[in-house]
2 protein chains.
Amino acid sequence: MLSKTCEYAVRAMIYVAQNSQNGQMVNIKKIAEKIGSPELFIGKILQGLSKRGFLQSSKGRYGGFYINDNDAKHSLADIVIAVDGDKIFKGCGVGLDYCSEKKPCPIHSEYKTARNQLFNIYKSATLEQFKSLKGSELVMLKRK
Amino acid sequence: MLSKTCEYAVRAMIYVAQNSQNGQMVNIKKIAEKIGSPELFIGKILQGLSKRGFLQSSKGRYGGFYINDNDAKHSLADIVIAVDGDKIFKGCGVGLDYCSEKKPCPIHSEYKTARNQLFNIYKSATLEQFKSLKGSELVMLKRK
DNA sequence: CTTAATTCAGATAAATTTGTCTGAATTAAA
DNA sequence: TTTAATTCAGACAAATTTATCTGAATTAAG
C-alpha cells in the first residue's frame, strides 16, 4: 500500500511528534534507530518534508527535528499524500486511469467506499494526538 | 496499492474470463491491446499464472489463453495474492512487521477493518461473474 | 576561536520493478 | 510437409525506488 519511503516518513513523523513535547530536538540518528530505518535515508526524507513545511529543523550541534503546534495539525493522510501522492486514496482498484461513476471498473463503487474509509483513518490520526502522549502511552515504532 | 504487474494481471484475467465463453482462445496481442499493457510483459505475467494453474494456455497457431469453469472459481483476491502477496490484505498501516492486537500500531484496529473490507471486495469478485457477462455488460479494461 | 556534532545538498550506487529481445518449441491450416 | 502464428524460456535492458557517500554549511560548547 504505502511505499517504504512513505512508511518511514509516517513513522518518523509520529516519533518526532511524540518527542516534541518540551521544545527538545530529535536528531536523525535517534529517529532512524527508533523507527528501524536507514539513517541517511530517513534523513533525506525528513529534509524534504522540512522544506515543505511539515516539520522544523535546526542545523549544527544539538540540532535536529521538531514538530511545533502548528505542524502538529497535520494528519497522517497529509504526510502520505505529500510523499506518495493521492493514488492510494483516489486511484482505481484495478488500475484504470479513467475509472469513475460514469465509466466504472468492475469493483468501482465498493472499492471507493473502502478507499474513503482508509482515507478517513489516516486523516483522523493527527500529529497532535501523538504529541500529547505521555510515558507509557508512547507508541513503539521500530520496524521489527 | 496493487503493483503495476498486479493491475495488469487482474485486468487481463477479467478480460480473458469475459472472452472464454465458448471455448475460444484469446491471444496475448489482443489481451495487451484491450487492457492497455505492454504485450511481452503481460505475456510473461500470464505465462506465470498459467504455470500456477490460474488459467489454461495452448501453444502454436490459433493458440492463446483460456479460463475454464474451474479456473473461474478464482476471485480477484486470489490473483492479487498470487502476484503481489498478501501484504495488502494483512500488512500494517504504518509498515510495522510485528503489528498485532498485542502490539498494535497507532491505527491498528481501524486499519484492520478497512483492510478486511478491501479483501472482501476483491474476494467476492470472482471470474465466473465476468465469464457470464454478455455483450453490452462487458467491462472496459483499457487503461486510458 | 576551535572543535565536535549536526543538518543539508548533490552525486552516486544498489536493489527492485517494469519492460524488451531473441530464438526455440508447438500447433493448425494450407 | 511447409508455413505462419502463436506460447514459452531465459537473458537482457530500462526505469524507478531505496539506500549510501562525500563534503559543505551551520551551530553550540568549551
# chains A, B, ... in the order shown; residues from 1 in each chain; ligands from 1

$ interface_residues --of "chain B" --to "chain C" --cutoff "6 Å" --atoms "only C-alpha atoms (C1' of nucleotides)" --output "list in words"
Lys59, Gly60 and Arg61 of chain B

$ interface_residues --of "chain A" --to "chain B" --cutoff "8 Å" --atoms "only C-alpha atoms" --output "PyMOL selection string"
chain A and resi 1-2+4+7-8+10-11+88+93-98+105-107+110-111+114+117-118+121-122+125+139-144

$ residues_around --residues "Lys131 (chain B)" --least-positions-apart "6" --cutoff "10 Å" --atoms "only C-alpha atoms (C1' of nucleotides)" --output "PyMOL selection string"
chain B and resi 14-22+67-69+72+138

$ write_last_selection --atoms "N, CA and C atoms" --output "compact mmCIF listing (two decimals), in the first residue's frame"
# COMPACT_ATOMS: atom_id res chain seq x y z
N ILE B 14 -9.62 -10.74 -16.02
CA ILE B 14 -11.02 -10.36 -16.26
C ILE B 14 -11.32 -10.41 -17.76
N TYR B 15 -10.39 -9.86 -18.54
CA TYR B 15 -10.63 -9.85 -19.98
C TYR B 15 -10.70 -11.27 -20.56
N VAL B 16 -9.79 -12.10 -20.15
CA VAL B 16 -9.79 -13.48 -20.65
C VAL B 16 -11.08 -14.19 -20.21
N ALA B 17 -11.49 -13.95 -18.96
CA ALA B 17 -12.73 -14.57 -18.48
C ALA B 17 -13.91 -14.14 -19.35
N GLN B 18 -13.99 -12.87 -19.59
CA GLN B 18 -15.09 -12.35 -20.41
C GLN B 18 -15.12 -12.99 -21.79
N ASN B 19 -13.94 -13.41 -22.26
CA ASN B 19 -13.85 -13.92 -23.63
C ASN B 19 -13.59 -15.43 -23.68
N SER B 20 -13.93 -16.08 -22.61
CA SER B 20 -13.77 -17.54 -22.56
C SER B 20 -15.13 -18.22 -22.54
N GLN B 21 -16.09 -17.65 -23.18
CA GLN B 21 -17.45 -18.18 -23.04
C GLN B 21 -17.71 -19.43 -23.85
N ASN B 22 -17.21 -19.48 -25.09
CA ASN B 22 -17.49 -20.66 -25.90
C ASN B 22 -16.22 -21.34 -26.41
N ILE B 67 -9.88 -19.44 -19.80
CA ILE B 67 -10.24 -19.67 -18.40
C ILE B 67 -11.41 -20.62 -18.36
N ASN B 68 -11.18 -21.83 -17.89
CA ASN B 68 -12.28 -22.80 -17.85
C ASN B 68 -13.13 -22.63 -16.59
N ASP B 69 -14.16 -23.44 -16.47
CA ASP B 69 -15.10 -23.22 -15.37
C ASP B 69 -14.44 -23.40 -14.01
N ALA B 72 -12.35 -20.40 -13.23
CA ALA B 72 -13.21 -19.24 -12.99
C ALA B 72 -13.73 -19.15 -11.57
N LEU B 138 -20.26 -6.21 -20.93
CA LEU B 138 -18.81 -6.40 -20.87
C LEU B 138 -18.11 -5.16 -20.33

$ closest_residue --among "A:Glu33, A:Asn70, A:Asp84, A:Phe54" --to "chain D" --atoms "only C-alpha atoms (C1' of nucleotides)"
A:Asp84

$ select_by_dssp --residues "region 25-130 of chain A" --states "helix (DSSP H, G or I)" --output "ChimeraX atom specification"
/A:28-35,39-51,71-73,76-84,87-90,108-124,127-130

$ interface_residues --of "chain D" --to "chain B" --cutoff "12 Å" --atoms "only C-alpha atoms (C1' of nucleotides)" --output "CSV table (one decimal) with N, CA, C and O atoms (P, O5', C5', C4', C3', O3' and C1' of nucleotides), in the first residue's frame"
chain,number,residue,atom,x,y,z
D,3,DT,P,8.2,-23.3,-46.9
D,3,DT,O5',7.1,-22.5,-46.1
D,3,DT,C5',5.8,-22.5,-46.7
D,3,DT,C4',4.8,-21.8,-45.7
D,3,DT,C3',5.4,-20.7,-44.9
D,3,DT,O3',4.5,-19.6,-45.0
D,3,DT,C1',4.4,-22.2,-43.4
D,4,DA,P,5.0,-18.1,-44.7
D,4,DA,O5',4.0,-17.7,-43.6
D,4,DA,C5',2.6,-18.0,-43.8
D,4,DA,C4',1.9,-18.0,-42.4
D,4,DA,C3',2.4,-16.8,-41.5
D,4,DA,O3',1.2,-16.3,-41.0
D,4,DA,C1',2.7,-18.8,-40.3
D,5,DA,P,1.2,-14.9,-40.1
D,5,DA,O5',0.7,-15.4,-38.7
D,5,DA,C5',-0.5,-16.2,-38.6
D,5,DA,C4',-0.5,-16.8,-37.2
D,5,DA,C3',-0.3,-15.9,-36.1
D,5,DA,O3',-1.3,-16.1,-35.1
D,5,DA,C1',1.2,-17.7,-35.9
D,6,DT,P,-1.7,-14.9,-34.1
D,6,DT,O5',-0.8,-15.3,-32.8
D,6,DT,C5',-1.4,-16.2,-31.9
D,6,DT,C4',-0.5,-17.2,-31.4
D,6,DT,C3',0.3,-16.8,-30.1
D,6,DT,O3',-0.5,-16.8,-29.0
D,6,DT,C1',1.4,-18.4,-31.6
D,7,DT,P,0.0,-16.1,-27.7
D,7,DT,O5',0.7,-17.3,-26.9
D,7,DT,C5',-0.1,-18.5,-26.6
D,7,DT,C4',0.9,-19.6,-26.1
D,7,DT,C3',1.6,-19.3,-24.8
D,7,DT,O3',1.7,-20.6,-24.1
D,7,DT,C1',3.2,-19.5,-26.5
D,8,DC,P,2.2,-20.6,-22.6
D,8,DC,O5',3.8,-20.8,-22.8
D,8,DC,C5',4.3,-22.0,-23.2
D,8,DC,C4',5.8,-21.9,-23.3
D,8,DC,C3',6.5,-21.5,-22.0
D,8,DC,O3',7.4,-22.5,-21.6
D,8,DC,C1',7.4,-20.3,-23.8
D,9,DA,P,7.9,-22.6,-20.1
D,9,DA,O5',9.5,-22.2,-20.2
D,9,DA,C5',10.3,-22.7,-21.2
D,9,DA,C4',11.6,-21.9,-21.3
D,9,DA,C3',12.0,-21.4,-20.0
D,9,DA,O3',13.3,-21.9,-19.7
D,9,DA,C1',12.1,-19.7,-21.7
D,10,DG,P,14.1,-21.6,-18.3
D,10,DG,O5',15.2,-20.5,-18.8
D,10,DG,C5',15.9,-20.8,-20.0
D,10,DG,C4',16.6,-19.5,-20.4
D,10,DG,C3',17.1,-18.7,-19.2
D,10,DG,O3',18.5,-18.3,-19.5
D,10,DG,C1',15.9,-17.3,-20.5

$ atom_distance --atom1 "CA of Ser50 (chain A)" --atom2 "CA of Met13 (chain A)"
10.7 Å

$ decode --residues "region 4-18 of chain C" --atoms "N, CA, C and O atoms (P, O5', C5', C4', C3', O3' and C1' of nucleotides)" --output "mmCIF file, in the first residue's frame"
data_model
loop_
_atom_site.group_PDB
_atom_site.id
_atom_site.type_symbol
_atom_site.label_atom_id
_atom_site.label_comp_id
_atom_site.auth_asym_id
_atom_site.auth_seq_id
_atom_site.Cartn_x
_atom_site.Cartn_y
_atom_site.Cartn_z
ATOM 1 P P DA C 4 37.472 17.648 18.116
ATOM 2 O "O5'" DA C 4 35.928 17.283 18.330
ATOM 3 C "C5'" DA C 4 35.302 17.611 19.568
ATOM 4 C "C4'" DA C 4 33.816 17.603 19.346
ATOM 5 C "C3'" DA C 4 33.322 16.411 18.534
ATOM 6 O "O3'" DA C 4 32.181 15.888 19.203
ATOM 7 C "C1'" DA C 4 32.573 18.424 17.533
ATOM 8 P P DA C 5 31.480 14.567 18.699
ATOM 9 O "O5'" DA C 5 30.052 15.102 18.240
ATOM 10 C "C5'" DA C 5 29.295 15.900 19.138
ATOM 11 C "C4'" DA C 5 28.153 16.519 18.372
ATOM 12 C "C3'" DA C 5 27.351 15.511 17.548
ATOM 13 O "O3'" DA C 5 25.967 15.727 17.816
ATOM 14 C "C1'" DA C 5 28.036 17.335 16.202
ATOM 15 P P DT C 6 24.935 14.594 17.564
ATOM 16 O "O5'" DT C 6 24.356 14.993 16.128
ATOM 17 C "C5'" DT C 6 23.257 15.826 16.050
ATOM 18 C "C4'" DT C 6 23.432 16.860 14.937
ATOM 19 C "C3'" DT C 6 22.848 16.495 13.595
ATOM 20 O "O3'" DT C 6 21.456 16.477 13.625
ATOM 21 C "C1'" DT C 6 24.688 18.024 13.473
ATOM 22 P P DT C 7 20.633 15.771 12.455
ATOM 23 O "O5'" DT C 7 20.444 16.960 11.404
ATOM 24 C "C5'" DT C 7 19.790 18.158 11.813
ATOM 25 C "C4'" DT C 7 19.998 19.235 10.757
ATOM 26 C "C3'" DT C 7 19.288 18.977 9.430
ATOM 27 O "O3'" DT C 7 18.803 20.226 8.924
ATOM 28 C "C1'" DT C 7 21.603 19.178 9.046
ATOM 29 P P DC C 8 17.888 20.305 7.622
ATOM 30 O "O5'" DC C 8 18.978 20.419 6.458
ATOM 31 C "C5'" DC C 8 19.665 21.660 6.271
ATOM 32 C "C4'" DC C 8 20.581 21.542 5.065
ATOM 33 C "C3'" DC C 8 19.873 21.103 3.778
ATOM 34 O "O3'" DC C 8 20.122 22.117 2.813
ATOM 35 C "C1'" DC C 8 21.890 19.901 4.122
ATOM 36 P P DA C 9 19.214 22.229 1.508
ATOM 37 O "O5'" DA C 9 20.198 21.815 0.314
ATOM 38 C "C5'" DA C 9 21.533 22.306 0.296
ATOM 39 C "C4'" DA C 9 22.323 21.514 -0.714
ATOM 40 C "C3'" DA C 9 21.499 20.963 -1.879
ATOM 41 O "O3'" DA C 9 22.047 21.501 -3.071
ATOM 42 C "C1'" DA C 9 22.892 19.271 -0.932
ATOM 43 P P DG C 10 21.404 21.198 -4.529
ATOM 44 O "O5'" DG C 10 22.418 20.113 -5.119
ATOM 45 C "C5'" DG C 10 23.822 20.300 -4.942
ATOM 46 C "C4'" DG C 10 24.531 19.037 -5.317
ATOM 47 C "C3'" DG C 10 23.878 18.285 -6.489
ATOM 48 O "O3'" DG C 10 24.897 17.878 -7.377
ATOM 49 C "C1'" DG C 10 24.171 16.835 -4.693
ATOM 50 P P DA C 11 24.553 17.226 -8.832
ATOM 51 O "O5'" DA C 11 25.419 15.879 -8.759
ATOM 52 C "C5'" DA C 11 26.772 15.968 -8.308
ATOM 53 C "C4'" DA C 11 27.198 14.620 -7.778
ATOM 54 C "C3'" DA C 11 27.011 13.477 -8.787
ATOM 55 O "O3'" DA C 11 28.256 12.847 -9.005
ATOM 56 C "C1'" DA C 11 26.124 12.901 -6.648
ATOM 57 P P DT C 12 28.382 11.690 -10.115
ATOM 58 O "O5'" DT C 12 28.121 10.360 -9.253
ATOM 59 C "C5'" DT C 12 28.942 10.108 -8.110
ATOM 60 C "C4'" DT C 12 28.368 8.918 -7.378
ATOM 61 C "C3'" DT C 12 28.158 7.693 -8.257
ATOM 62 O "O3'" DT C 12 29.069 6.722 -7.791
ATOM 63 C "C1'" DT C 12 26.348 8.045 -6.772
ATOM 64 P P DA C 13 29.167 5.270 -8.477
ATOM 65 O "O5'" DA C 13 28.233 4.344 -7.581
ATOM 66 C "C5'" DA C 13 28.448 4.292 -6.174
ATOM 67 C "C4'" DA C 13 27.412 3.377 -5.592
ATOM 68 C "C3'" DA C 13 27.208 2.114 -6.416
ATOM 69 O "O3'" DA C 13 27.119 1.085 -5.466
ATOM 70 C "C1'" DA C 13 25.143 3.162 -6.087
ATOM 71 P P DA C 14 27.382 -0.416 -5.878
ATOM 72 O "O5'" DA C 14 26.114 -1.162 -5.253
ATOM 73 C "C5'" DA C 14 25.655 -0.762 -3.956
ATOM 74 C "C4'" DA C 14 24.218 -1.160 -3.830
ATOM 75 C "C3'" DA C 14 23.887 -2.517 -4.425
ATOM 76 O "O3'" DA C 14 23.199 -3.196 -3.392
ATOM 77 C "C1'" DA C 14 22.361 -0.891 -5.225
ATOM 78 P P DA C 15 22.717 -4.737 -3.604
ATOM 79 O "O5'" DA C 15 21.158 -4.550 -3.849
ATOM 80 C "C5'" DA C 15 20.427 -3.770 -2.912
ATOM 81 C "C4'" DA C 15 19.014 -3.678 -3.393
ATOM 82 C "C3'" DA C 15 18.441 -4.992 -3.920
ATOM 83 O "O3'" DA C 15 17.214 -5.151 -3.245
ATOM 84 C "C1'" DA C 15 18.080 -3.247 -5.483
ATOM 85 P P DT C 16 16.293 -6.467 -3.455
ATOM 86 O "O5'" DT C 16 15.121 -5.906 -4.367
ATOM 87 C "C5'" DT C 16 14.409 -4.751 -3.925
ATOM 88 C "C4'" DT C 16 13.547 -4.267 -5.058
ATOM 89 C "C3'" DT C 16 12.689 -5.349 -5.702
ATOM 90 O "O3'" DT C 16 11.359 -4.937 -5.467
ATOM 91 C "C1'" DT C 16 13.708 -3.967 -7.330
ATOM 92 P P DT C 17 10.079 -5.793 -5.978
ATOM 93 O "O5'" DT C 17 9.609 -4.997 -7.271
ATOM 94 C "C5'" DT C 17 9.453 -3.586 -7.190
ATOM 95 C "C4'" DT C 17 9.259 -3.043 -8.579
ATOM 96 C "C3'" DT C 17 8.206 -3.775 -9.408
ATOM 97 O "O3'" DT C 17 7.311 -2.768 -9.838
ATOM 98 C "C1'" DT C 17 10.196 -3.490 -10.655
ATOM 99 P P DT C 18 5.996 -3.091 -10.716
ATOM 100 O "O5'" DT C 18 6.571 -2.854 -12.192
ATOM 101 C "C5'" DT C 18 6.940 -1.528 -12.567
ATOM 102 C "C4'" DT C 18 7.531 -1.551 -13.958
ATOM 103 C "C3'" DT C 18 6.634 -2.178 -15.023
ATOM 104 O "O3'" DT C 18 6.398 -1.169 -15.991
ATOM 105 C "C1'" DT C 18 8.877 -2.925 -15.235
#
